[in-house]
Amino acid sequence: MFKAIKGMFSNDLAIDLGTANILVLVKGQGVVINEPSVVAVQIDKFGQEQILAVGQDAKNMIGKTHKNIKAIRPMRDGVIADFNITEMMIQHFIEKVHKRKKFYSPRIIICVPYGLTQVERKAVRESAQNAGARYVYLIEEPMAAAIGAGLPVQEPRGSLVVDIGGGTTEIGVISLGGLVISNSIRTAGDKLDAHIVDYINKNFNLLIGDRVAEEIKINIGTAIELEEELTIVVKGRDKVEGSLKSIEVTSQDIREAIKDPIADILEALKIILEQTPPDLAGDIVENGVVLTGGGALIRGLDKYLSEAIKLPVYIAENPLLAVALGTGKALDELDILQQVAYED
Ligand SMILES: Nc1ncnc2c1ncn2[C@@H]1O[C@H](COP(=O)(O)OP(=O)(O)OP(=O)(O)O)[C@@H](O)[C@H]1O
Ligand SMILES: [Mg+2]
């Protein structure tokens, strides 16, 4: 009973500020917002940007706008490409969650892309403060991913997590509440989409946009040969004739299209394995590697990596939510928070 009442008034938030998706979790309520990190802005007659839509509504406008409307992904490739729009997006979601509880100023913990500069982190922190946060904590993505995947981050034991998001793949070895070594590459879901666009362009003379490429990837993308290969019908514009047409694309095509970025992810993982101190390496040989982030859902990626590195590779139970859940857990458990969050 007491807990229920406390939950009602508790309004602390955990935010996974991803380059593809932003998730907001309210303490005691779980994930309340899970939307694409996209903002649609309209240029008014004074040349000022006005927000038209944020999240899913804005993503639906990508590639379908006219010259006065832009659908923007303000954080690309793991960096903040547009500070103003990023700030507006953070504030939009905080206010959406808090509109009925203006009186309370929450504690907010934000998981930021690993490669953010100090200036970018400061901007994120200030955006949350301006939206009414009492305290703002930041947490690094590999750490949040590992906590969310249920790895024993506080123990004197090596855990290896690979988080494949939209903009970046982050790989970290964690022990005793700290990142021992890590690597971040700008190859993840978006890069796969871009390679699919190029492949379809070159091999089928068909022009498609990023959103269609993402759909193809999710529907038939695979890192390995499948027992039963998949197909999908793709509509686009003929590069030569300019006419609209549809073609059939197979999972073999897409495997070929994405093989280079997939190999890059493997290389980054191998580099971390080579650098892992021997005692922690022993733990990893025993416990394996855990995949989080939307990219963990690419068909057969676990098997592909496992065969290449000769270690077990597991997919986290809920790869798209792992970072948000881990960020929320850090806020819940003060001892974790003190160990993993930083305030610079
Ligand atoms: N079933 C699926 N198969 C393959 N890829 C998927 C699937 N579902 C989602 N994705 C991809 O996962 C990516 C988004 O993952 P996620 O939400 O973890 O990224 P993010 O946290 O926003 O990005 P980052 O961590 O790089 O900042 C997108 O590129 C999306 O296309
Ligand atoms: Mg992420």
# chains A, B, ... in the order shown; residues from 1 in each chain; ligands from 1

$ residues_near_ligand --ligand "ligand 1" --cutoff "7 Å" --atoms "only C-alpha atoms and all ligand atoms" --output "number ranges by chain"
A: 16-22, 77-78, 113, 163-169, 188-190, 214, 217-218, 221, 293-299, 320

$ select_by_dssp --residues "segment 95-222 of chain A" --states "strand (DSSP E)" --output "PyMOL selection string"
chain A and resi 107-112+135-140+159-164+169-175+178-185+206-207

$ closest_residue --among "A:Thr117, A:Ser175, A:Ser306, A:Thr327" --to "ligand 2" --atoms "only C-alpha atoms and all ligand atoms"
A:Thr327

$ closest_residue --among "A:Tyr114, A:Tyr137, A:Phe93, A:Tyr304" --to "Ala341 of chain A" --atoms "only C-alpha atoms"
A:Tyr137

$ atom_distance --atom1 "atom CA of Gln42 of chain A" --atom2 "atom CA of Leu23 of chain A"
24.4 Å

$ atom_distance --atom1 "atom CA of Gln56 of chain A" --atom2 "atom CA of Ala40 of chain A"
10.1 Å

$ residues_around --residues "Gln275 of chain A" --least-positions-apart "3" --cutoff "12 Å" --atoms "only C-alpha atoms" --output "ChimeraX atom specification"
/A:171-173,180-183,268-272,278-281

$ write_last_selection --atoms "C-alpha atoms" --output "PDB file, in the first residue's frame"
ATOM      1  CA  ILE A 171      31.013  -2.750 -27.210  1.00  0.00           C
ATOM      2  CA  GLY A 172      32.058  -2.805 -23.596  1.00  0.00           C
ATOM      3  CA  VAL A 173      33.675  -5.080 -21.070  1.00  0.00           C
ATOM      4  CA  VAL A 180      37.125  -1.750 -18.371  1.00  0.00           C
ATOM      5  CA  ILE A 181      37.471  -1.333 -22.123  1.00  0.00           C
ATOM      6  CA  SER A 182      35.074  -0.206 -24.791  1.00  0.00           C
ATOM      7  CA  ASN A 183      34.845   0.552 -28.449  1.00  0.00           C
ATOM      8  CA  ALA A 268      35.158  -4.197 -33.637  1.00  0.00           C
ATOM      9  CA  LEU A 269      34.196  -7.088 -31.389  1.00  0.00           C
ATOM     10  CA  LYS A 270      37.416  -8.948 -32.183  1.00  0.00           C
ATOM     11  CA  ILE A 271      39.468  -5.889 -31.266  1.00  0.00           C
ATOM     12  CA  ILE A 272      37.806  -5.749 -27.848  1.00  0.00           C
ATOM     13  CA  PRO A 278      43.256 -12.297 -19.319  1.00  0.00           C
ATOM     14  CA  ASP A 279      41.339 -12.729 -16.066  1.00  0.00           C
ATOM     15  CA  LEU A 280      38.262 -11.061 -17.475  1.00  0.00           C
ATOM     16  CA  ALA A 281      38.666 -12.932 -20.758  1.00  0.00           C
TER      17      ALA A 281
END

$ closest_residue --among "A:Glu95, A:Glu126, A:Glu141, A:Asp264" --to "ligand 2" --atoms "only C-alpha atoms and all ligand atoms"
A:Glu141

$ closest_residue --among "A:His92, A:Arg76, A:Lys235, A:Arg134" --to "ligand 2" --atoms "only C-alpha atoms and all ligand atoms"
A:Arg76

$ closest_residue --among "A:His98, A:Leu138, A:Leu266, A:Glu333" --to "Glu307 of chain A" --atoms "only C-alpha atoms"
A:Leu266

$ atom_distance --atom1 "atom CA of Gln154 of chain A" --atom2 "atom CA of Ala123 of chain A"
29.2 Å
